[in-house]
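Trainee: Structure supplied as upload_19.cif; contents: mmCIF, N, CA and C atoms and all ligand atoms.
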data_work
loop_
_atom_site.label_atom_id
_atom_site.label_comp_id
_atom_site.auth_asym_id
_atom_site.auth_seq_id
_atom_site.Cartn_x
_atom_site.Cartn_y
_atom_site.Cartn_z
N MET T 825 0.85 -1.19 0.00
CA MET T 825 0.00 0.00 0.00
C MET T 825 0.88 1.24 0.00
N SER T 826 0.54 2.17 -0.85
CA SER T 826 1.33 3.40 -0.97
C SER T 826 1.16 4.28 0.27
N THR T 827 2.22 4.96 0.60
CA THR T 827 2.15 5.87 1.74
C THR T 827 2.00 7.32 1.31
N THR T 828 1.94 7.54 -0.02
CA THR T 828 1.78 8.92 -0.47
C THR T 828 0.35 9.38 -0.27
N ARG T 829 0.19 10.61 0.06
CA ARG T 829 -1.13 11.21 0.26
C ARG T 829 -1.31 12.34 -0.74
N PRO T 830 -2.56 12.70 -1.05
CA PRO T 830 -2.77 13.84 -1.95
C PRO T 830 -2.02 15.07 -1.44
N GLY T 831 -1.34 15.72 -2.34
CA GLY T 831 -0.60 16.91 -1.96
C GLY T 831 0.86 16.61 -1.64
N THR T 832 1.20 15.33 -1.55
CA THR T 832 2.58 15.00 -1.21
C THR T 832 3.28 14.27 -2.35
N TRP T 833 2.62 14.20 -3.52
CA TRP T 833 3.28 13.55 -4.64
C TRP T 833 4.51 14.36 -5.02
N ASP T 834 5.54 13.65 -5.47
CA ASP T 834 6.72 14.37 -5.91
C ASP T 834 6.59 14.83 -7.36
N ARG T 835 5.52 14.37 -8.02
CA ARG T 835 5.30 14.82 -9.38
C ARG T 835 4.51 16.14 -9.34
N PRO T 836 4.93 17.12 -10.13
CA PRO T 836 4.28 18.43 -10.08
C PRO T 836 3.01 18.51 -10.93
N ARG T 837 2.17 17.49 -10.87
CA ARG T 837 0.91 17.52 -11.62
C ARG T 837 -0.13 16.72 -10.85
N LEU T 838 -1.37 16.90 -11.25
CA LEU T 838 -2.45 16.17 -10.62
C LEU T 838 -2.54 14.79 -11.22
N PRO T 839 -3.06 13.82 -10.50
CA PRO T 839 -3.19 12.48 -11.07
C PRO T 839 -4.15 12.50 -12.25
N SER T 840 -3.82 11.72 -13.28
CA SER T 840 -4.67 11.68 -14.46
C SER T 840 -5.64 10.51 -14.32
N CYS T 841 -6.67 10.72 -13.51
CA CYS T 841 -7.66 9.68 -13.26
C CYS T 841 -8.71 9.68 -14.36
N VAL T 842 -9.35 8.55 -14.56
CA VAL T 842 -10.41 8.48 -15.56
C VAL T 842 -11.79 8.50 -14.90
N GLY T 843 -11.84 8.44 -13.60
CA GLY T 843 -13.12 8.44 -12.89
C GLY T 843 -13.62 9.84 -12.64
N SER T 844 -14.58 9.94 -11.76
CA SER T 844 -15.12 11.25 -11.41
C SER T 844 -15.13 11.39 -9.89
N TYR T 845 -15.30 12.63 -9.45
CA TYR T 845 -15.32 12.95 -8.03
C TYR T 845 -16.73 13.40 -7.66
N THR T 846 -17.22 12.97 -6.52
CA THR T 846 -18.49 13.47 -6.01
C THR T 846 -18.26 14.07 -4.63
N LEU T 847 -18.51 15.37 -4.54
CA LEU T 847 -18.44 16.05 -3.25
C LEU T 847 -19.81 15.96 -2.60
N ARG T 848 -19.83 15.79 -1.29
CA ARG T 848 -21.10 15.77 -0.56
C ARG T 848 -20.98 16.75 0.60
N LYS T 849 -21.89 17.71 0.63
CA LYS T 849 -21.92 18.71 1.71
C LYS T 849 -23.23 18.55 2.46
N ARG T 850 -23.12 18.45 3.78
CA ARG T 850 -24.30 18.20 4.61
C ARG T 850 -24.88 19.51 5.13
N PHE T 851 -26.20 19.54 5.26
CA PHE T 851 -26.84 20.67 5.92
C PHE T 851 -28.01 20.13 6.74
N THR T 852 -28.39 20.89 7.75
CA THR T 852 -29.47 20.46 8.63
C THR T 852 -30.45 21.59 8.83
N PHE T 853 -31.68 21.24 9.15
CA PHE T 853 -32.67 22.26 9.50
C PHE T 853 -33.80 21.62 10.29
N GLU T 854 -34.41 22.44 11.10
CA GLU T 854 -35.60 22.03 11.86
C GLU T 854 -36.79 22.64 11.15
N ALA T 855 -37.79 21.83 10.85
CA ALA T 855 -38.95 22.39 10.14
C ALA T 855 -40.19 21.54 10.35
N ALA T 856 -41.32 22.21 10.25
CA ALA T 856 -42.61 21.53 10.34
C ALA T 856 -43.17 21.30 8.94
N HIS T 857 -44.06 20.35 8.82
CA HIS T 857 -44.82 20.16 7.57
C HIS T 857 -46.02 19.28 7.87
N PHE T 858 -46.93 19.22 6.93
CA PHE T 858 -48.02 18.26 6.96
C PHE T 858 -48.33 17.86 5.54
N LEU T 859 -48.82 16.64 5.39
CA LEU T 859 -49.11 16.10 4.06
C LEU T 859 -50.63 15.98 3.93
N PRO T 860 -51.27 16.96 3.28
CA PRO T 860 -52.74 17.03 3.29
C PRO T 860 -53.43 15.83 2.66
N HIS T 861 -52.76 15.09 1.78
CA HIS T 861 -53.39 13.95 1.12
C HIS T 861 -53.14 12.63 1.85
N HIS T 862 -52.29 12.66 2.85
CA HIS T 862 -51.91 11.43 3.54
C HIS T 862 -53.08 10.87 4.36
N GLU T 863 -53.18 9.55 4.42
CA GLU T 863 -54.29 8.94 5.16
C GLU T 863 -53.92 8.64 6.61
N GLY T 864 -52.65 8.81 6.97
CA GLY T 864 -52.21 8.51 8.33
C GLY T 864 -51.85 9.76 9.11
N LYS T 865 -50.98 9.60 10.11
CA LYS T 865 -50.67 10.71 11.02
C LYS T 865 -49.86 11.83 10.37
N CYS T 866 -49.26 11.57 9.20
CA CYS T 866 -48.50 12.62 8.52
C CYS T 866 -49.39 13.73 7.98
N LYS T 867 -50.72 13.50 8.05
CA LYS T 867 -51.66 14.53 7.64
C LYS T 867 -51.68 15.68 8.65
N ARG T 868 -51.30 15.36 9.91
CA ARG T 868 -51.30 16.39 10.95
C ARG T 868 -49.98 17.18 10.91
N LEU T 869 -50.04 18.42 11.35
CA LEU T 869 -48.83 19.23 11.44
C LEU T 869 -47.85 18.60 12.43
N HIS T 870 -46.62 18.41 11.99
CA HIS T 870 -45.59 17.84 12.85
C HIS T 870 -44.22 18.32 12.36
N GLY T 871 -43.19 18.08 13.16
CA GLY T 871 -41.86 18.58 12.80
C GLY T 871 -40.82 17.48 12.74
N HIS T 872 -39.72 17.81 12.08
CA HIS T 872 -38.58 16.90 11.98
C HIS T 872 -37.29 17.69 12.14
N SER T 873 -36.24 16.99 12.55
CA SER T 873 -34.87 17.48 12.41
C SER T 873 -34.38 16.91 11.09
N TRP T 874 -34.48 17.73 10.03
CA TRP T 874 -34.16 17.26 8.68
C TRP T 874 -32.65 17.29 8.46
N LEU T 875 -32.19 16.37 7.64
CA LEU T 875 -30.79 16.32 7.25
C LEU T 875 -30.72 16.28 5.73
N GLY T 876 -29.89 17.14 5.16
CA GLY T 876 -29.77 17.18 3.71
C GLY T 876 -28.33 17.00 3.26
N TRP T 877 -28.20 16.45 2.07
CA TRP T 877 -26.88 16.30 1.44
C TRP T 877 -26.95 16.88 0.03
N VAL T 878 -26.01 17.75 -0.27
CA VAL T 878 -25.88 18.29 -1.62
C VAL T 878 -24.67 17.64 -2.26
N GLU T 879 -24.84 17.15 -3.47
CA GLU T 879 -23.72 16.53 -4.19
C GLU T 879 -23.33 17.36 -5.41
N VAL T 880 -22.04 17.52 -5.59
CA VAL T 880 -21.49 18.17 -6.78
C VAL T 880 -20.48 17.20 -7.37
N THR T 881 -20.67 16.86 -8.63
CA THR T 881 -19.82 15.87 -9.29
C THR T 881 -18.97 16.54 -10.36
N GLY T 882 -17.72 16.15 -10.45
CA GLY T 882 -16.84 16.68 -11.48
C GLY T 882 -15.85 15.62 -11.92
N GLU T 883 -15.41 15.75 -13.16
CA GLU T 883 -14.43 14.80 -13.69
C GLU T 883 -13.02 15.35 -13.67
N SER T 884 -12.90 16.65 -13.40
CA SER T 884 -11.56 17.25 -13.38
C SER T 884 -11.43 18.18 -12.19
N LEU T 885 -10.20 18.44 -11.81
CA LEU T 885 -9.89 19.29 -10.68
C LEU T 885 -9.30 20.60 -11.17
N HIS T 886 -9.53 21.65 -10.43
CA HIS T 886 -8.87 22.92 -10.74
C HIS T 886 -7.36 22.70 -10.67
N SER T 887 -6.66 23.22 -11.65
CA SER T 887 -5.21 23.00 -11.69
C SER T 887 -4.43 24.14 -11.05
N GLU T 888 -5.11 25.26 -10.80
CA GLU T 888 -4.40 26.39 -10.19
C GLU T 888 -5.38 27.25 -9.43
N GLY T 889 -4.84 28.20 -8.71
CA GLY T 889 -5.68 29.12 -7.95
C GLY T 889 -6.08 28.54 -6.60
N PRO T 890 -6.95 29.25 -5.88
CA PRO T 890 -7.30 28.81 -4.52
C PRO T 890 -8.06 27.49 -4.46
N GLN T 891 -8.62 27.04 -5.59
CA GLN T 891 -9.32 25.75 -5.61
C GLN T 891 -8.46 24.67 -6.26
N ALA T 892 -7.17 24.87 -6.36
CA ALA T 892 -6.27 23.88 -6.96
C ALA T 892 -6.42 22.55 -6.24
N GLY T 893 -6.58 21.50 -7.05
CA GLY T 893 -6.74 20.16 -6.48
C GLY T 893 -8.16 19.85 -6.04
N MET T 894 -9.10 20.76 -6.31
CA MET T 894 -10.49 20.56 -5.89
C MET T 894 -11.42 20.57 -7.11
N VAL T 895 -12.54 19.84 -6.98
CA VAL T 895 -13.65 20.03 -7.92
C VAL T 895 -14.26 21.40 -7.63
N MET T 896 -14.47 21.67 -6.36
CA MET T 896 -15.06 22.94 -5.90
C MET T 896 -14.77 23.05 -4.42
N ASP T 897 -14.51 24.25 -3.96
CA ASP T 897 -14.27 24.47 -2.53
C ASP T 897 -15.57 24.19 -1.76
N TYR T 898 -15.50 23.35 -0.72
CA TYR T 898 -16.69 23.07 0.09
C TYR T 898 -17.31 24.36 0.63
N ALA T 899 -16.46 25.35 0.90
CA ALA T 899 -16.96 26.62 1.44
C ALA T 899 -17.85 27.33 0.42
N ARG T 900 -17.58 27.17 -0.88
CA ARG T 900 -18.43 27.79 -1.90
C ARG T 900 -19.80 27.12 -1.94
N ILE T 901 -19.82 25.81 -1.73
CA ILE T 901 -21.11 25.11 -1.66
C ILE T 901 -21.89 25.63 -0.45
N ALA T 902 -21.21 25.74 0.69
CA ALA T 902 -21.88 26.21 1.91
C ALA T 902 -22.41 27.63 1.73
N ASP T 903 -21.67 28.46 1.01
CA ASP T 903 -22.10 29.86 0.80
C ASP T 903 -23.42 29.95 0.04
N ILE T 904 -23.71 28.94 -0.81
CA ILE T 904 -24.95 28.93 -1.57
C ILE T 904 -26.06 28.22 -0.80
N VAL T 905 -25.70 27.19 -0.05
CA VAL T 905 -26.69 26.42 0.70
C VAL T 905 -27.23 27.20 1.90
N LYS T 906 -26.35 27.91 2.59
CA LYS T 906 -26.72 28.56 3.85
C LYS T 906 -27.90 29.54 3.71
N PRO T 907 -27.88 30.47 2.76
CA PRO T 907 -29.03 31.39 2.66
C PRO T 907 -30.34 30.68 2.29
N MET T 908 -30.26 29.60 1.52
CA MET T 908 -31.46 28.83 1.21
C MET T 908 -32.06 28.24 2.49
N VAL T 909 -31.19 27.68 3.33
CA VAL T 909 -31.66 27.10 4.59
C VAL T 909 -32.28 28.17 5.48
N GLU T 910 -31.63 29.31 5.57
CA GLU T 910 -32.11 30.38 6.45
C GLU T 910 -33.40 31.03 5.93
N ASP T 911 -33.54 31.16 4.60
CA ASP T 911 -34.69 31.89 4.04
C ASP T 911 -35.92 31.01 3.80
N TYR T 912 -35.74 29.70 3.64
CA TYR T 912 -36.87 28.85 3.24
C TYR T 912 -37.11 27.63 4.13
N LEU T 913 -36.10 27.16 4.85
CA LEU T 913 -36.23 25.86 5.49
C LEU T 913 -36.20 25.87 7.01
N ASP T 914 -35.21 26.51 7.61
CA ASP T 914 -34.99 26.34 9.05
C ASP T 914 -36.03 27.09 9.88
N HIS T 915 -36.72 26.32 10.73
CA HIS T 915 -37.77 26.87 11.62
C HIS T 915 -38.92 27.50 10.84
N TYR T 916 -39.27 26.88 9.73
CA TYR T 916 -40.45 27.27 8.97
C TYR T 916 -41.39 26.07 8.87
N CYS T 917 -42.62 26.38 8.49
CA CYS T 917 -43.54 25.33 8.06
C CYS T 917 -43.37 25.21 6.55
N LEU T 918 -42.90 24.09 6.07
CA LEU T 918 -42.55 23.94 4.65
C LEU T 918 -43.77 24.09 3.74
N ASN T 919 -44.96 23.85 4.27
CA ASN T 919 -46.17 24.06 3.47
C ASN T 919 -46.35 25.54 3.13
N GLU T 920 -45.73 26.42 3.94
CA GLU T 920 -45.87 27.85 3.72
C GLU T 920 -44.72 28.43 2.89
N THR T 921 -43.52 27.86 2.99
CA THR T 921 -42.37 28.47 2.33
C THR T 921 -42.01 27.83 0.99
N LEU T 922 -42.44 26.60 0.76
CA LEU T 922 -42.12 25.94 -0.51
C LEU T 922 -43.36 25.94 -1.40
N PRO T 923 -43.17 26.07 -2.71
CA PRO T 923 -44.30 26.16 -3.64
C PRO T 923 -44.89 24.79 -3.99
N VAL T 924 -45.19 24.02 -2.96
CA VAL T 924 -45.78 22.69 -3.17
C VAL T 924 -46.94 22.52 -2.19
N ILE T 925 -47.93 21.74 -2.59
CA ILE T 925 -49.08 21.48 -1.72
C ILE T 925 -48.69 20.51 -0.61
N SER T 926 -47.91 19.50 -0.99
CA SER T 926 -47.57 18.44 -0.05
C SER T 926 -46.04 18.29 0.01
N PRO T 927 -45.39 18.92 0.99
CA PRO T 927 -43.92 18.87 1.05
C PRO T 927 -43.38 17.56 1.59
N THR T 928 -43.49 16.54 0.77
CA THR T 928 -42.88 15.24 1.07
C THR T 928 -41.37 15.37 0.96
N SER T 929 -40.63 14.36 1.41
CA SER T 929 -39.18 14.42 1.25
C SER T 929 -38.81 14.46 -0.23
N GLU T 930 -39.63 13.83 -1.08
CA GLU T 930 -39.39 13.89 -2.52
C GLU T 930 -39.52 15.32 -3.02
N ALA T 931 -40.58 16.01 -2.60
CA ALA T 931 -40.81 17.39 -3.04
C ALA T 931 -39.73 18.33 -2.51
N VAL T 932 -39.31 18.12 -1.27
CA VAL T 932 -38.26 18.97 -0.69
C VAL T 932 -36.95 18.75 -1.44
N ALA T 933 -36.60 17.51 -1.72
CA ALA T 933 -35.35 17.22 -2.43
C ALA T 933 -35.35 17.85 -3.82
N ALA T 934 -36.47 17.73 -4.54
CA ALA T 934 -36.56 18.30 -5.89
C ALA T 934 -36.50 19.83 -5.83
N TRP T 935 -37.18 20.41 -4.85
CA TRP T 935 -37.16 21.87 -4.73
C TRP T 935 -35.74 22.37 -4.41
N VAL T 936 -35.06 21.73 -3.46
CA VAL T 936 -33.69 22.12 -3.10
C VAL T 936 -32.79 22.02 -4.33
N PHE T 937 -32.93 20.92 -5.08
CA PHE T 937 -32.12 20.72 -6.29
C PHE T 937 -32.31 21.88 -7.26
N GLU T 938 -33.58 22.21 -7.56
CA GLU T 938 -33.85 23.28 -8.52
C GLU T 938 -33.42 24.64 -7.99
N HIS T 939 -33.61 24.88 -6.69
CA HIS T 939 -33.22 26.15 -6.10
C HIS T 939 -31.71 26.35 -6.18
N LEU T 940 -30.96 25.30 -5.87
CA LEU T 940 -29.50 25.41 -5.90
C LEU T 940 -28.99 25.56 -7.33
N ARG T 941 -29.61 24.84 -8.27
CA ARG T 941 -29.23 24.99 -9.68
C ARG T 941 -29.47 26.42 -10.14
N SER T 942 -30.63 26.98 -9.77
CA SER T 942 -30.94 28.35 -10.20
C SER T 942 -30.07 29.38 -9.47
N SER T 943 -29.45 28.97 -8.36
CA SER T 943 -28.54 29.85 -7.63
C SER T 943 -27.11 29.74 -8.16
N GLY T 944 -26.91 28.89 -9.15
CA GLY T 944 -25.60 28.78 -9.78
C GLY T 944 -24.73 27.63 -9.32
N LEU T 945 -25.25 26.80 -8.42
CA LEU T 945 -24.46 25.66 -7.96
C LEU T 945 -24.66 24.48 -8.92
N PRO T 946 -23.57 23.89 -9.43
CA PRO T 946 -23.72 22.76 -10.36
C PRO T 946 -24.02 21.46 -9.61
N VAL T 947 -25.14 21.45 -8.91
CA VAL T 947 -25.51 20.30 -8.08
C VAL T 947 -25.86 19.10 -8.97
N SER T 948 -25.46 17.91 -8.55
CA SER T 948 -25.78 16.70 -9.32
C SER T 948 -26.82 15.84 -8.60
N ALA T 949 -26.98 16.02 -7.30
CA ALA T 949 -28.00 15.28 -6.56
C ALA T 949 -28.24 15.95 -5.22
N VAL T 950 -29.45 15.77 -4.71
CA VAL T 950 -29.81 16.25 -3.37
C VAL T 950 -30.48 15.10 -2.64
N THR T 951 -30.03 14.85 -1.42
CA THR T 951 -30.63 13.82 -0.57
C THR T 951 -31.26 14.50 0.64
N ILE T 952 -32.49 14.12 0.93
CA ILE T 952 -33.19 14.65 2.10
C ILE T 952 -33.55 13.49 3.01
N GLU T 953 -33.06 13.58 4.25
CA GLU T 953 -33.40 12.58 5.27
C GLU T 953 -34.47 13.19 6.17
N GLU T 954 -35.70 12.70 6.00
CA GLU T 954 -36.81 13.21 6.81
C GLU T 954 -36.75 12.63 8.22
N THR T 955 -36.38 11.37 8.30
CA THR T 955 -36.14 10.70 9.58
C THR T 955 -34.90 9.84 9.42
N CYS T 956 -34.51 9.19 10.49
CA CYS T 956 -33.32 8.33 10.44
C CYS T 956 -33.48 7.18 9.44
N THR T 957 -34.72 6.81 9.15
CA THR T 957 -34.94 5.64 8.31
C THR T 957 -35.67 5.96 7.00
N SER T 958 -35.96 7.24 6.76
CA SER T 958 -36.72 7.62 5.55
C SER T 958 -35.95 8.68 4.78
N VAL T 959 -35.43 8.29 3.63
CA VAL T 959 -34.49 9.12 2.89
C VAL T 959 -34.86 9.14 1.42
N CYS T 960 -34.77 10.33 0.78
CA CYS T 960 -35.03 10.45 -0.65
C CYS T 960 -33.88 11.17 -1.32
N THR T 961 -33.42 10.65 -2.45
CA THR T 961 -32.42 11.32 -3.27
C THR T 961 -33.04 11.71 -4.60
N TYR T 962 -32.86 12.98 -4.99
CA TYR T 962 -33.29 13.47 -6.30
C TYR T 962 -32.05 13.78 -7.12
N ARG T 963 -31.99 13.29 -8.32
CA ARG T 963 -30.88 13.60 -9.23
C ARG T 963 -31.43 13.72 -10.63
N ASP T 964 -30.70 14.46 -11.46
CA ASP T 964 -31.18 14.57 -12.86
C ASP T 964 -30.46 13.58 -13.74
ZN ZN P 1001 -43.05 14.31 8.29
#
Take the structure in the file and give it back as structure tokens.
Mentor:
Amino acid sequence: MSTTRPGTWDRPRLPSCVGSYTLRKRFTFEAAHFLPHHEGKCKRLHGHSWLGWVEVTGESLHSEGPQAGMVMDYARIADIVKPMVEDYLDHYCLNETLPVISPTSEAVAAWVFEHLRSSGLPVSAVTIEETCTSVCTYRD
């Protein structure tokens, strides 16, 4: 097993890999919602500690500048995700802040994906964990 780590190669170039890189940035928010069409208890107003993952995929790395060796700086992803969480998700009722009748985890994931894309983030997938055991991923 090699003992070299990224950034310690003696070759002055990036590895010429044929695969791709997927960055995953996590975000969290507390929010209420209700599902008006649901036949069970999810029809009632209730809250969750939601967990989200934003994925950005790239096949090449920046070769120079402050993002050298990166697909994208994680801080740039956070800079786009944070205002979305503060303005639409955290401590809101999602039925009021999102343009959907029934904010299921599927609807939240799709909305986050489209919102981040329209904000300029080259997102490749969004995962929303409504509970520890109920998770939805939206990708194009
Ligand atoms: Zn729920």
Trainee: Can you work out which residues are within 6 Å of ligand ZN 1001 (chain P), considering only N, CA and C atoms and all ligand atoms, and then hand them over as a PyMOL selection string?
Mentor: chain T and resi 857+866+870-871
Trainee: To one decimal in Å, tell me the separation between atom N of Glu883 (chain T) and atom C of Val959 (chain T).
Mentor: 25.2 Å
Trainee: Which is closer to Trp935 (chain T) than all the others in T:Ala856, T:Ala892, T:Leu922, T:His886, using only N, CA and C atoms?
Mentor: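 Using only N, CA and C atoms, the shortest distance to Trp935 (chain T) belongs to T:Leu922.
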Trainee: Measure the distance from CA of Ser873 (chain T) to CA of Pro923 (chain T) in Å and round it to one decimal.
Mentor: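 Calculated distance between CA of Ser873 (chain T) and CA of Pro923 (chain T) is 20.5 Å.
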Trainee: Could you tell me how far atom N of Glu953 (chain T) lies from atom C of Gly876 (chain T), in Å and to one decimal?
Mentor: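 Separation between atom N of Glu953 (chain T) and atom C of Gly876 (chain T): 5.9 Å.
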Trainee: If you count all atoms listed in the file, which residues fall within 6.5 Å of Phe853 (chain T), apart from same-chain ones fewer than 2 positions away, as an MDAnalysis selection string?
Mentor: chainID T and resid 851 855 872:876 913:915
Trainee: Looking at only N, CA and C atoms, which of T:Phe937, T:Arg848, T:Tyr962, T:Glu910 is the one that sits closest to Val878 (chain T)?
Mentor: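 Of T:Phe937, T:Arg848, T:Tyr962, T:Glu910, the one nearest Val878 (chain T), counting only N, CA and C atoms, is T:Arg848.
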Trainee: So that I can check the secondary structure, give me every residue of region 870-928 of chain T assigned helix (DSSP H, G or I) by backbone DSSP, as a compact mmCIF listing (two decimals) with N, CA and C atoms, keeping the file's coordinate frame.
Mentor:
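Below is the file that was written, part_24.txt:
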# COMPACT_ATOMS: atom_id res chain seq x y z
N TYR T 898 -15.50 23.35 -0.72
CA TYR T 898 -16.69 23.07 0.09
C TYR T 898 -17.31 24.36 0.63
N ALA T 899 -16.46 25.35 0.90
CA ALA T 899 -16.96 26.62 1.44
C ALA T 899 -17.85 27.33 0.42
N ARG T 900 -17.58 27.17 -0.88
CA ARG T 900 -18.43 27.79 -1.90
C ARG T 900 -19.80 27.12 -1.94
N ILE T 901 -19.82 25.81 -1.73
CA ILE T 901 -21.11 25.11 -1.66
C ILE T 901 -21.89 25.63 -0.45
N ALA T 902 -21.21 25.74 0.69
CA ALA T 902 -21.88 26.21 1.91
C ALA T 902 -22.41 27.63 1.73
N ASP T 903 -21.67 28.46 1.01
CA ASP T 903 -22.10 29.86 0.80
C ASP T 903 -23.42 29.95 0.04
N ILE T 904 -23.71 28.94 -0.81
CA ILE T 904 -24.95 28.93 -1.57
C ILE T 904 -26.06 28.22 -0.80
N VAL T 905 -25.70 27.19 -0.05
CA VAL T 905 -26.69 26.42 0.70
C VAL T 905 -27.23 27.20 1.90
N LYS T 906 -26.35 27.91 2.59
CA LYS T 906 -26.72 28.56 3.85
C LYS T 906 -27.90 29.54 3.71
N PRO T 907 -27.88 30.47 2.76
CA PRO T 907 -29.03 31.39 2.66
C PRO T 907 -30.34 30.68 2.29
N MET T 908 -30.26 29.60 1.52
CA MET T 908 -31.46 28.83 1.21
C MET T 908 -32.06 28.24 2.49
N VAL T 909 -31.19 27.68 3.33
CA VAL T 909 -31.66 27.10 4.59
C VAL T 909 -32.28 28.17 5.48
N GLU T 910 -31.63 29.31 5.57
CA GLU T 910 -32.11 30.38 6.45
C GLU T 910 -33.40 31.03 5.93
N ASP T 911 -33.54 31.16 4.60
CA ASP T 911 -34.69 31.89 4.04
C ASP T 911 -35.92 31.01 3.80
N TYR T 912 -35.74 29.70 3.64
CA TYR T 912 -36.87 28.85 3.24
C TYR T 912 -37.11 27.63 4.13
N LEU T 913 -36.10 27.16 4.85
CA LEU T 913 -36.23 25.86 5.49
C LEU T 913 -36.20 25.87 7.01
N LEU T 918 -42.90 24.09 6.07
CA LEU T 918 -42.55 23.94 4.65
C LEU T 918 -43.77 24.09 3.74
N ASN T 919 -44.96 23.85 4.27
CA ASN T 919 -46.17 24.06 3.47
C ASN T 919 -46.35 25.54 3.13
N GLU T 920 -45.73 26.42 3.94
CA GLU T 920 -45.87 27.85 3.72
C GLU T 920 -44.72 28.43 2.89
N THR T 921 -43.52 27.86 2.99
CA THR T 921 -42.37 28.47 2.33
C THR T 921 -42.01 27.83 0.99
Trainee: I'd like to know which residues of chain T are strand (DSSP E) (by DSSP, run on the backbone); could you write them as number ranges by chain?
Mentor: T: 845-857, 870-882, 916-917, 947-955, 958-963
Trainee: Which one of T:Phe858, T:Gly843, T:Arg850, T:Val950 sits closest to Glu920 (chain T) if you count only C-alpha atoms?
Mentor: T:Phe858
Trainee: So that I can check the surroundings of Tyr845 (chain T), please list as a PDB file with N, CA and C atoms, in the frame of the given file every protein, DNA and RNA residue that reaches within 6 Å of it, counting only N, CA and C atoms and ignoring chain neighbours fewer than 4 positions away.
Mentor:
ATOM      1  N   VAL T 880     -22.040  17.520  -5.590  1.00  0.00           N
ATOM      2  CA  VAL T 880     -21.490  18.170  -6.780  1.00  0.00           C
ATOM      3  C   VAL T 880     -20.480  17.200  -7.370  1.00  0.00           C
ATOM      4  N   THR T 881     -20.670  16.860  -8.630  1.00  0.00           N
ATOM      5  CA  THR T 881     -19.820  15.870  -9.290  1.00  0.00           C
ATOM      6  C   THR T 881     -18.970  16.540 -10.360  1.00  0.00           C
ATOM      7  N   GLY T 882     -17.720  16.150 -10.450  1.00  0.00           N
ATOM      8  CA  GLY T 882     -16.840  16.680 -11.480  1.00  0.00           C
ATOM      9  C   GLY T 882     -15.850  15.620 -11.920  1.00  0.00           C
ATOM     10  N   GLU T 883     -15.410  15.750 -13.160  1.00  0.00           N
ATOM     11  CA  GLU T 883     -14.430  14.800 -13.690  1.00  0.00           C
ATOM     12  C   GLU T 883     -13.020  15.350 -13.670  1.00  0.00           C
TER      13      GLU T 883
END
Trainee: Find, counting only C-alpha atoms, the residue in T:Met908, T:Ala949, T:Met894, T:Leu885 that gets nearest to Ala933 (chain T).
Mentor: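 Going through T:Met908, T:Ala949, T:Met894, T:Leu885 one by one, the smallest distance to Ala933 (chain T) is for T:Ala949.
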Trainee: Pick from T:Asp911, T:Val924, T:Trp877, T:Leu918: nearest to Ile952 (chain T), with only N, CA and C atoms counted?
Mentor: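 Distance minimum relative to Ile952 (chain T) lands on T:Trp877.
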Trainee: Which of these, T:Val909, T:Leu869, T:Met896, T:Ile904, has the shortest distance to Thr852 (chain T) once you count all atoms listed in the file?
Mentor: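 Smallest separation from Thr852 (chain T) among the options: T:Val909.
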